[in-house]
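*Asks:* To start, I am sharing the structure in question, which I have written as structure tokens.
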Amino acid sequence: MLLGCIADDLTGATDLALMLSRSGLRTVQVNGLPENDLDLSGIDAVVVALKSRTIAPADAVAQSLAAARWLKAAGARRYYFKYCSTFDSTDAGNIGPVTEALLDFAGGGYTIACPAFPAGGRTIYMGNLYVNGVPLAESPMRDHPLTPMRDSDLRRVLQRQTSLKVGHVGYPAVEKGGEAIREAMAAEQAAGRQIAVVDAIDNRHLASIGMAIADLPLVTAGSGVALGLPEAYRALGLIDALTPPPRTIEAPPGRAVVLAGSCSTATRGQVAAAIEAGVPHFRIDPIEIAEGWLKPVDVLDWLTVQADDTAPLIYSSDDPETVRQVQERLGRDGAGHLVETFMADVARPLPERGFSRFLVAGGETSGAVVGALGVKALSIGPEIDPGVPWTRSRSGPDVALALKSGNFGTSDFFLKAWRYLK
Ligand code: ADP
């Protein structure tokens with residue numbers, strides 16, 4: 001094992017694991033702190049998925065260090081701290097404090113901060129982050145309920161979170177290529193700065209950055225930087241060869257189901273398209289759960305009588321106005337928790353009932369479902385749409401899982417995803 005990664009949320013971890021796998025590393029994802037008996041033979045990279053984006057900074061640091069210690073014991077020689085491509089954080093953290101702790105753990109020195117993901121519309125120019133061409137502070141992230149981003153200049157954002165000195169490697173160096181980036185990093189380090197925000201506006205830049213940073217013990221970034229690292233590791237002789245990503249994945253025999261707890265626009269479109277295509281569907285109403293009219297057993301009974309060769313859809317996805325009304329009655333966290341617990345209770349007994357193929361929509365929903373299934377580790381399979389691979393469990397029940405961040409995927413996602421399973 002070469003690369004040990006720590007991601008601050010679940011679907012972000014899957015996004016990174018997919019990027020590494022597509023770029024040639026044999027990658028495993030672990031949900032939560034790994035168990036010691038995990039078999040890592042033939043694996044180049046491990047991504048540990050934490051849920052540390054918005055917890056107290058001291059807890060985020062403690063969990064990240066525990067993950068790093070496990071990765072080190074498992075043989076990691078390089079570390080990658082993965083955060084969101086919109087740099088989701090507050091002035092208290094957690095990107096700064098976790099970076100500080102991991103840099104110290106990795107032996108000190110110097111690292112970069114680069115959430116750029118040009119294919120997803122996240123670019124950095126002169127230290128400022130743009131979301132689909134709009135400065136971060138003017139993008140919808142401005143009003144995020146937990147991590148409102150009101151400053152587009154990542155140098156300032158990060159400097160408020162850390163006592164390390166934050167510097168910058170700008171577009172002119174990045175555009176010239178790996179050698180120029182290395183020189184710019186050396187100049188920053190000589191000037192006493194320990195983290196450089198690095199500009200990147202296209203995939204060429206990510207490849208050059210990969211070449212320049214392959215030597216660093218710690219990288220902090222979104223998933224984009226993972227695009228260039230595997231080839232750079234191969235060029236340095238850290239791995240023998242790149243492994244082409246799988247085109248299909250073996251799925252254990254059994255029935256299929258879709259669990260959608262995301263209310264994001266993309267997921268609502270996917271629900272509508274599946275219903276339109278005649279997929280059997282069951283709508284979960286949070287008020288009915290709260291009032292005791294709807295129980296997980298009702299959904300399970302309904303599932304049992306659906307045709308074996310369909311992938312029934314169980315969904316709570318709703319439009320913003322209905323969600324707002326539900327939240328007014330149950331509270332935002334109360335409603336979220338209620339639906340997540342319900343989805344988890346529906347999912348838990350399904351492997352015993354012959355279900356082995358799960359498509360889950362929503363980051364929090366995915367966390368609840370994999371937790372209930374007891375799936376701790378995942379092998380990464382083929383990409384269905386950008387950021388969403390099929391995976392297969394390496395612990396717990398033998399199942400195939402696609403964990404979709406709410407806003408990912410084309411409208412026919414719930415219909416086409418099954419094609420990639422063998
Ligand atoms: P996304 O990836 O789109 O953000 P998540 O699963 O992370 O999706 O978050 C969606 C949240 O909304 C979850 O906490 C879920 O339980 C909650 N939720 C789902 N359906 C409803 C609904 N109809 N009303 C209120 N909250 C809901």
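Just so we're on the same page: first chain in the structure tokens is A, next is B, and so on; residues restart at 1 for each chain, and ligands are numbered from 1 in the order they show up.
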Per DSSP on the backbone, filter range 229-370 of chain A down to the residues in helix (DSSP H, G or I) and report them as an MDAnalysis selection string.
*Replies:* chainID A and resid 229:235 265:276 286:290 296:304 320:330 332:347 351:353 363:370
*Asks:* Could you give me, as a list in words, each residue of range 48-183 of chain A that DSSP assigns to strand (DSSP E or B) when run on this structure's backbone?
*Replies:*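 Strand (DSSP E or B) assignments inside range 48-183 of chain A correspond to Val48, Ala49, Arg78, Tyr79, Tyr80, Phe81, Lys82, Thr90, Gly93, Thr111, Ile112, Ala113, Cys114, Phe117, Arg122, Thr123, Ile124, Tyr125, Asn128, Leu129, Tyr130, Val131, Val134, Pro135, Asp153, Val166, Gly167, His168 and Val169 of chain A.
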*Asks:* Would you mind exporting N, CA, C and O atoms of the selected residues as a compact mmCIF listing (two decimals), in the first residue's frame?
*Replies:*
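This is the output file result_19.txt:
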```txt
# COMPACT_ATOMS: atom_id res chain seq x y z
N VAL A 48 -10.01 6.34 3.81
CA VAL A 48 -10.83 6.22 5.02
C VAL A 48 -11.88 7.33 5.00
O VAL A 48 -11.53 8.52 4.94
N ALA A 49 -13.15 6.95 5.01
CA ALA A 49 -14.23 7.94 5.03
C ALA A 49 -14.59 8.27 6.47
O ALA A 49 -15.07 7.42 7.20
N ARG A 78 2.56 7.73 1.86
CA ARG A 78 2.10 9.06 1.50
C ARG A 78 0.70 9.23 2.07
O ARG A 78 -0.05 8.26 2.15
N TYR A 79 0.33 10.49 2.39
CA TYR A 79 -1.00 10.75 2.95
C TYR A 79 -1.71 11.81 2.11
O TYR A 79 -1.07 12.72 1.57
N TYR A 80 -3.05 11.66 2.05
CA TYR A 80 -3.87 12.59 1.26
C TYR A 80 -5.07 12.95 2.12
O TYR A 80 -5.84 12.07 2.51
N PHE A 81 -5.20 14.23 2.45
CA PHE A 81 -6.38 14.69 3.20
C PHE A 81 -7.35 15.27 2.19
O PHE A 81 -7.05 16.25 1.53
N LYS A 82 -8.53 14.63 2.06
CA LYS A 82 -9.52 15.03 1.05
C LYS A 82 -10.65 15.82 1.69
O LYS A 82 -11.28 15.37 2.64
N THR A 90 -15.40 26.35 8.28
CA THR A 90 -15.67 27.64 8.92
C THR A 90 -14.33 28.19 9.44
O THR A 90 -13.31 27.50 9.36
N GLY A 93 -12.53 25.81 11.53
CA GLY A 93 -11.99 24.59 10.94
C GLY A 93 -12.99 23.94 10.00
O GLY A 93 -13.93 24.57 9.60
N THR A 111 3.18 21.46 2.60
CA THR A 111 2.12 20.80 1.83
C THR A 111 1.36 21.83 0.99
O THR A 111 1.67 23.03 1.02
N ILE A 112 0.40 21.32 0.23
CA ILE A 112 -0.42 22.21 -0.59
C ILE A 112 -1.88 22.14 -0.16
O ILE A 112 -2.29 21.21 0.53
N ALA A 113 -2.68 23.12 -0.59
CA ALA A 113 -4.13 23.09 -0.43
C ALA A 113 -4.72 23.39 -1.81
O ALA A 113 -4.47 24.46 -2.38
N CYS A 114 -5.46 22.42 -2.36
CA CYS A 114 -5.95 22.60 -3.73
C CYS A 114 -7.27 21.87 -3.96
O CYS A 114 -7.29 20.72 -4.38
N PHE A 117 -11.28 21.21 -9.08
CA PHE A 117 -11.86 20.05 -9.76
C PHE A 117 -12.49 20.58 -11.05
O PHE A 117 -13.70 20.75 -11.13
N ARG A 122 -15.00 23.52 -10.60
CA ARG A 122 -14.29 24.17 -9.48
C ARG A 122 -12.88 24.50 -9.93
O ARG A 122 -12.06 23.59 -10.16
N THR A 123 -12.59 25.80 -10.07
CA THR A 123 -11.28 26.22 -10.53
C THR A 123 -10.70 27.24 -9.55
O THR A 123 -11.44 27.93 -8.85
N ILE A 124 -9.36 27.31 -9.52
CA ILE A 124 -8.70 28.27 -8.62
C ILE A 124 -7.79 29.16 -9.46
O ILE A 124 -6.94 28.66 -10.22
N TYR A 125 -7.97 30.45 -9.34
CA TYR A 125 -7.15 31.41 -10.07
C TYR A 125 -6.73 32.51 -9.11
O TYR A 125 -7.57 33.12 -8.45
N ASN A 128 -8.13 32.42 -5.66
CA ASN A 128 -9.58 32.52 -5.48
C ASN A 128 -10.29 31.33 -6.11
O ASN A 128 -9.97 30.93 -7.24
N LEU A 129 -11.26 30.80 -5.39
CA LEU A 129 -12.00 29.62 -5.87
C LEU A 129 -13.26 30.06 -6.61
O LEU A 129 -14.01 30.91 -6.12
N TYR A 130 -13.46 29.46 -7.79
CA TYR A 130 -14.65 29.73 -8.59
C TYR A 130 -15.50 28.47 -8.69
O TYR A 130 -14.96 27.38 -8.82
N VAL A 131 -16.83 28.64 -8.61
CA VAL A 131 -17.77 27.53 -8.74
C VAL A 131 -18.57 27.78 -10.01
O VAL A 131 -19.35 28.74 -10.07
N VAL A 134 -18.32 31.31 -11.08
CA VAL A 134 -18.77 32.35 -10.14
C VAL A 134 -17.87 32.30 -8.90
O VAL A 134 -17.57 31.21 -8.40
N PRO A 135 -17.41 33.46 -8.40
CA PRO A 135 -16.58 33.41 -7.18
C PRO A 135 -17.32 32.67 -6.06
O PRO A 135 -18.54 32.82 -5.91
N ASP A 153 -11.29 34.02 -1.41
CA ASP A 153 -9.83 33.93 -1.40
C ASP A 153 -9.39 32.84 -0.41
O ASP A 153 -9.42 33.03 0.80
N VAL A 166 0.32 30.52 5.42
CA VAL A 166 -0.28 30.11 4.15
C VAL A 166 0.31 30.94 3.00
O VAL A 166 0.33 32.17 3.08
N GLY A 167 0.78 30.26 1.97
CA GLY A 167 1.31 30.94 0.79
C GLY A 167 0.51 30.56 -0.45
O GLY A 167 -0.63 30.10 -0.36
N HIS A 168 1.14 30.75 -1.62
CA HIS A 168 0.39 30.60 -2.88
C HIS A 168 1.34 30.22 -4.00
O HIS A 168 2.42 30.78 -4.13
N VAL A 169 0.91 29.26 -4.81
CA VAL A 169 1.61 28.98 -6.07
C VAL A 169 0.62 29.33 -7.17
O VAL A 169 -0.44 28.69 -7.30
```
*Asks:* Mind dumping a table of every chain A residue within 7 Å of ligand 1, with the nearest atom pair and its distance in Å to one decimal, using only C-alpha atoms and all ligand atoms, sorted by chain and rising number, as CSV?
*Replies:*
```
residue,atom,partner,partner_atom_place_in_ligand_line,distance
A:Gly261,CA,ligand 1,19 (C),4.4
A:Ser262,CA,ligand 1,8 (O),3.6
A:Cys263,CA,ligand 1,3 (O),5.3
A:Ser264,CA,ligand 1,3 (O),4.4
A:Asp285,CA,ligand 1,23 (N),6.2
A:Pro286,CA,ligand 1,23 (N),5.9
A:Ser316,CA,ligand 1,20 (N),4.3
A:Ser317,CA,ligand 1,20 (N),4.8
A:Asp318,CA,ligand 1,23 (N),5.0
A:Val323,CA,ligand 1,24 (N),4.2
A:Val326,CA,ligand 1,24 (N),5.5
A:Gln327,CA,ligand 1,25 (C),5.9
A:Arg332,CA,ligand 1,26 (N),7.0
A:Ala335,CA,ligand 1,26 (N),4.9
A:Gly336,CA,ligand 1,14 (O),3.4
A:His337,CA,ligand 1,16 (O),5.6
A:Leu338,CA,ligand 1,16 (O),6.5
A:Val339,CA,ligand 1,16 (O),4.2
A:Glu340,CA,ligand 1,16 (O),4.3
A:Ala361,CA,ligand 1,6 (O),6.6
A:Gly362,CA,ligand 1,6 (O),3.3
A:Gly363,CA,ligand 1,7 (O),3.6
A:Glu364,CA,ligand 1,7 (O),3.6
A:Thr365,CA,ligand 1,6 (O),3.9
A:Ser366,CA,ligand 1,6 (O),6.5
A:Ser405,CA,ligand 1,2 (O),4.3
A:Gly406,CA,ligand 1,3 (O),3.2
A:Asn407,CA,ligand 1,3 (O),5.9
```
*Asks:* Extract, using only C-alpha atoms, all DNA, RNA and protein residues at most 10 Å from Leu303 in chain A, discarding same-chain residues fewer than 4 positions from it, and format them as a list in words.
*Replies:*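 Contacts, with the query itself left out: Val257, Pro280, His281, Phe282, Val297, Asp298, Val299, Ala307, Asp308, Ala311, Pro312, Leu313, Ile314, Val346, Leu350 and Arg353 of chain A.
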*Asks:* Okay, now the selection with C-alpha atoms, as a PDB file, in the first residue's frame?
*Replies:*
```pdb
ATOM      1  CA  VAL A 257     -33.403  -1.795  -4.803  1.00  0.00           C
ATOM      2  CA  PRO A 280     -42.346   0.237  -8.966  1.00  0.00           C
ATOM      3  CA  HIS A 281     -42.134   2.986  -6.355  1.00  0.00           C
ATOM      4  CA  PHE A 282     -42.988   3.665  -2.716  1.00  0.00           C
ATOM      5  CA  VAL A 297     -42.274  -3.256   7.917  1.00  0.00           C
ATOM      6  CA  ASP A 298     -44.863  -1.693   5.581  1.00  0.00           C
ATOM      7  CA  VAL A 299     -42.137  -0.935   3.061  1.00  0.00           C
ATOM      8  CA  ALA A 307     -41.373  -8.632  -9.256  1.00  0.00           C
ATOM      9  CA  ASP A 308     -37.872 -10.096  -8.723  1.00  0.00           C
ATOM     10  CA  ALA A 311     -35.310  -2.541  -9.024  1.00  0.00           C
ATOM     11  CA  PRO A 312     -38.054  -0.952  -6.894  1.00  0.00           C
ATOM     12  CA  LEU A 313     -37.618   2.643  -5.797  1.00  0.00           C
ATOM     13  CA  ILE A 314     -38.163   3.733  -2.193  1.00  0.00           C
ATOM     14  CA  VAL A 346     -35.628  -0.634   5.812  1.00  0.00           C
ATOM     15  CA  LEU A 350     -32.698  -6.661   3.082  1.00  0.00           C
ATOM     16  CA  ARG A 353     -34.276 -11.255   2.253  1.00  0.00           C
TER      17      ARG A 353
END
```
*Asks:* Do you know which residues are at most 10 Å from Pro217 in chain A counting only C-alpha atoms, after dropping those on the same chain fewer than 5 positions away, and could you put them as a ChimeraX atom specification?
*Replies:* /A:3,76-80,102-103,105-111
*Asks:* Could the residues in this selection be written to a file with N, CA, C and O atoms, as a short mmCIF file (atom, residue, chain, number, x, y, z; two decimals), in the first residue's frame?
*Replies:*
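After the write, part34.cif holds the following:
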```
data_model
loop_
_atom_site.label_atom_id
_atom_site.label_comp_id
_atom_site.auth_asym_id
_atom_site.auth_seq_id
_atom_site.Cartn_x
_atom_site.Cartn_y
_atom_site.Cartn_z
N LEU A 3 -0.58 4.82 -0.74
CA LEU A 3 -1.25 6.08 -0.42
C LEU A 3 -2.37 5.88 0.59
O LEU A 3 -3.31 5.11 0.33
N ALA A 76 1.15 2.78 4.71
CA ALA A 76 1.10 4.00 3.89
C ALA A 76 2.43 4.75 3.94
O ALA A 76 3.02 4.90 5.01
N ARG A 77 2.86 5.24 2.78
CA ARG A 77 4.09 6.06 2.73
C ARG A 77 3.79 7.48 2.30
O ARG A 77 4.66 8.34 2.30
N ARG A 78 2.56 7.73 1.86
CA ARG A 78 2.10 9.06 1.50
C ARG A 78 0.70 9.23 2.07
O ARG A 78 -0.05 8.26 2.15
N TYR A 79 0.33 10.49 2.39
CA TYR A 79 -1.00 10.75 2.95
C TYR A 79 -1.71 11.81 2.11
O TYR A 79 -1.07 12.72 1.57
N TYR A 80 -3.05 11.66 2.05
CA TYR A 80 -3.87 12.59 1.26
C TYR A 80 -5.07 12.95 2.12
O TYR A 80 -5.84 12.07 2.51
N LEU A 102 -2.06 16.64 10.62
CA LEU A 102 -1.58 15.59 9.72
C LEU A 102 -0.17 15.92 9.20
O LEU A 102 0.65 15.02 9.00
N LEU A 103 0.10 17.21 8.99
CA LEU A 103 1.43 17.59 8.51
C LEU A 103 2.47 17.23 9.57
O LEU A 103 3.54 16.68 9.26
N PHE A 105 2.11 14.90 11.82
CA PHE A 105 2.17 13.44 11.86
C PHE A 105 3.06 12.90 10.74
O PHE A 105 3.83 11.96 10.93
N ALA A 106 2.94 13.52 9.55
CA ALA A 106 3.67 13.03 8.38
C ALA A 106 5.14 13.46 8.40
O ALA A 106 5.89 13.17 7.47
N GLY A 107 5.55 14.17 9.44
CA GLY A 107 6.97 14.52 9.56
C GLY A 107 7.25 15.99 9.37
O GLY A 107 8.40 16.42 9.28
N GLY A 108 6.20 16.80 9.29
CA GLY A 108 6.39 18.25 9.17
C GLY A 108 6.74 18.66 7.75
O GLY A 108 6.51 17.91 6.80
N GLY A 109 7.27 19.86 7.60
CA GLY A 109 7.66 20.33 6.27
C GLY A 109 6.57 21.14 5.62
O GLY A 109 6.06 22.10 6.19
N TYR A 110 6.12 20.68 4.46
CA TYR A 110 5.41 21.57 3.57
C TYR A 110 4.30 20.80 2.86
O TYR A 110 4.44 19.62 2.57
N THR A 111 3.18 21.46 2.60
CA THR A 111 2.12 20.80 1.83
C THR A 111 1.36 21.83 0.99
O THR A 111 1.67 23.03 1.02
#
```
*Asks:* Return the single residue from A:Gln159, A:Asn31, A:Ser21, A:Thr99 that is closest to Gly367 in chain A, with distances computed using only C-alpha atoms.
*Replies:*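 Ranked by minimum distance to Gly367 in chain A, first place goes to A:Asn31.
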*Asks:* With a distance cut-off of 12 Å and only C-alpha atoms, select the neighbouring residues of Leu146 in chain A, excluding the residue or stretch itself and same-chain residues fewer than 3 positions from it, and output the selection as a PyMOL selection string.
*Replies:* chain A and resi 53-55+88-91+93+141-143+149+333
*Asks:* Keeping only all heavy atoms, write the selected residues as a compact mmCIF listing (two decimals), in the first residue's frame.
*Replies:*
```
# COMPACT_ATOMS: atom_id res chain seq x y z
N ARG A 53 -16.47 16.69 8.69
CA ARG A 53 -16.45 18.02 8.05
C ARG A 53 -16.93 19.11 9.00
O ARG A 53 -16.35 20.20 9.05
CB ARG A 53 -17.30 17.99 6.79
CG ARG A 53 -17.24 19.27 6.00
CD ARG A 53 -17.86 19.11 4.63
NE ARG A 53 -17.09 18.19 3.80
CZ ARG A 53 -17.50 17.71 2.64
NH1 ARG A 53 -18.68 18.04 2.18
NH2 ARG A 53 -16.72 16.89 1.96
N THR A 54 -17.97 18.82 9.75
CA THR A 54 -18.57 19.90 10.55
C THR A 54 -18.60 19.57 12.05
O THR A 54 -19.31 20.23 12.80
CB THR A 54 -20.00 20.19 10.06
OG1 THR A 54 -20.75 18.99 10.07
CG2 THR A 54 -20.00 20.76 8.65
N ILE A 55 -17.86 18.56 12.48
CA ILE A 55 -17.82 18.27 13.92
C ILE A 55 -16.83 19.23 14.59
O ILE A 55 -16.15 20.01 13.91
CB ILE A 55 -17.45 16.79 14.20
CG1 ILE A 55 -16.05 16.46 13.68
CG2 ILE A 55 -18.48 15.86 13.55
CD1 ILE A 55 -15.59 15.03 13.99
N ASP A 88 -15.52 23.40 1.96
CA ASP A 88 -16.51 23.56 3.04
C ASP A 88 -15.84 23.56 4.41
O ASP A 88 -15.29 22.54 4.83
CB ASP A 88 -17.54 22.43 3.00
CG ASP A 88 -18.31 22.36 1.69
OD1 ASP A 88 -17.87 23.01 0.72
OD2 ASP A 88 -19.33 21.67 1.65
N SER A 89 -15.93 24.69 5.10
CA SER A 89 -15.28 24.83 6.41
C SER A 89 -15.72 26.16 7.01
O SER A 89 -16.35 26.97 6.33
CB SER A 89 -13.76 24.79 6.25
OG SER A 89 -13.34 25.76 5.31
N THR A 90 -15.40 26.35 8.28
CA THR A 90 -15.67 27.64 8.92
C THR A 90 -14.33 28.19 9.44
O THR A 90 -13.31 27.50 9.36
CB THR A 90 -16.62 27.49 10.12
OG1 THR A 90 -15.94 26.74 11.13
CG2 THR A 90 -17.90 26.77 9.73
N ASP A 91 -14.35 29.39 10.00
CA ASP A 91 -13.10 29.96 10.50
C ASP A 91 -12.50 29.10 11.61
O ASP A 91 -11.30 29.16 11.88
CB ASP A 91 -13.32 31.39 11.00
CG ASP A 91 -13.54 32.35 9.83
OD1 ASP A 91 -13.35 31.90 8.68
OD2 ASP A 91 -13.89 33.51 10.07
N GLY A 93 -12.53 25.81 11.53
CA GLY A 93 -11.99 24.59 10.94
C GLY A 93 -12.99 23.94 10.00
O GLY A 93 -13.93 24.57 9.60
N MET A 141 -22.95 28.36 -2.38
CA MET A 141 -22.25 27.99 -1.14
C MET A 141 -22.25 29.13 -0.12
O MET A 141 -22.00 28.92 1.06
CB MET A 141 -20.80 27.59 -1.44
CG MET A 141 -20.64 26.19 -1.97
SD MET A 141 -21.42 24.97 -0.89
CE MET A 141 -20.41 25.11 0.57
N ARG A 142 -22.53 30.32 -0.61
CA ARG A 142 -22.61 31.49 0.27
C ARG A 142 -23.63 31.25 1.40
O ARG A 142 -23.48 31.72 2.51
CB ARG A 142 -23.04 32.68 -0.60
CG ARG A 142 -23.23 33.93 0.15
CD ARG A 142 -23.71 35.07 -0.72
NE ARG A 142 -24.11 36.12 0.19
CZ ARG A 142 -23.24 36.89 0.84
NH1 ARG A 142 -21.96 36.77 0.60
NH2 ARG A 142 -23.66 37.78 1.70
N ASP A 143 -24.71 30.50 1.06
CA ASP A 143 -25.80 30.31 2.02
C ASP A 143 -25.90 28.88 2.53
O ASP A 143 -26.96 28.44 2.96
CB ASP A 143 -27.13 30.72 1.36
CG ASP A 143 -27.12 32.19 1.02
OD1 ASP A 143 -26.68 32.99 1.87
OD2 ASP A 143 -27.50 32.54 -0.11
N MET A 149 -19.82 29.91 2.81
CA MET A 149 -18.52 30.37 2.33
C MET A 149 -18.67 31.80 1.82
O MET A 149 -19.23 32.04 0.76
CB MET A 149 -18.01 29.43 1.22
CG MET A 149 -17.87 27.97 1.66
SD MET A 149 -16.80 27.71 3.08
CE MET A 149 -15.20 28.06 2.40
N ASP A 333 -33.13 19.08 11.65
CA ASP A 333 -32.37 17.89 12.02
C ASP A 333 -33.30 16.74 12.39
O ASP A 333 -33.02 15.58 12.11
CB ASP A 333 -31.43 18.20 13.20
CG ASP A 333 -30.34 19.17 12.78
OD1 ASP A 333 -30.19 19.39 11.56
OD2 ASP A 333 -29.65 19.72 13.66
```
*Asks:* Residues near Pro118 in chain A, anyone? I mean within 7 Å using only C-alpha atoms, not counting same-chain ones fewer than 6 positions away, as a list of chain:residue names.
*Replies:*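 After dropping sequence-adjacent residues, the list is A:Ile201, A:Asp202, A:Asn203.
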*Asks:* Atoms to include: all heavy atoms. Write the selected residues as a compact mmCIF listing (two decimals), in the first residue's frame.
*Replies:*
```
# COMPACT_ATOMS: atom_id res chain seq x y z
N ILE A 201 -6.79 25.50 -13.29
CA ILE A 201 -8.05 25.74 -13.99
C ILE A 201 -8.37 24.68 -15.05
O ILE A 201 -9.45 24.70 -15.62
CB ILE A 201 -8.13 27.16 -14.60
CG1 ILE A 201 -7.05 27.39 -15.63
CG2 ILE A 201 -8.06 28.22 -13.52
CD1 ILE A 201 -7.19 28.74 -16.32
N ASP A 202 -7.44 23.76 -15.30
CA ASP A 202 -7.83 22.64 -16.18
C ASP A 202 -7.04 21.38 -15.80
O ASP A 202 -6.15 21.42 -14.94
CB ASP A 202 -7.68 23.00 -17.66
CG ASP A 202 -6.25 23.33 -18.04
OD1 ASP A 202 -5.33 22.75 -17.44
OD2 ASP A 202 -6.06 24.16 -18.93
N ASN A 203 -7.40 20.27 -16.45
CA ASN A 203 -6.80 18.99 -16.07
C ASN A 203 -5.31 18.91 -16.33
O ASN A 203 -4.59 18.17 -15.66
CB ASN A 203 -7.52 17.82 -16.78
CG ASN A 203 -8.85 17.51 -16.11
OD1 ASN A 203 -9.16 18.05 -15.04
ND2 ASN A 203 -9.63 16.65 -16.74
```
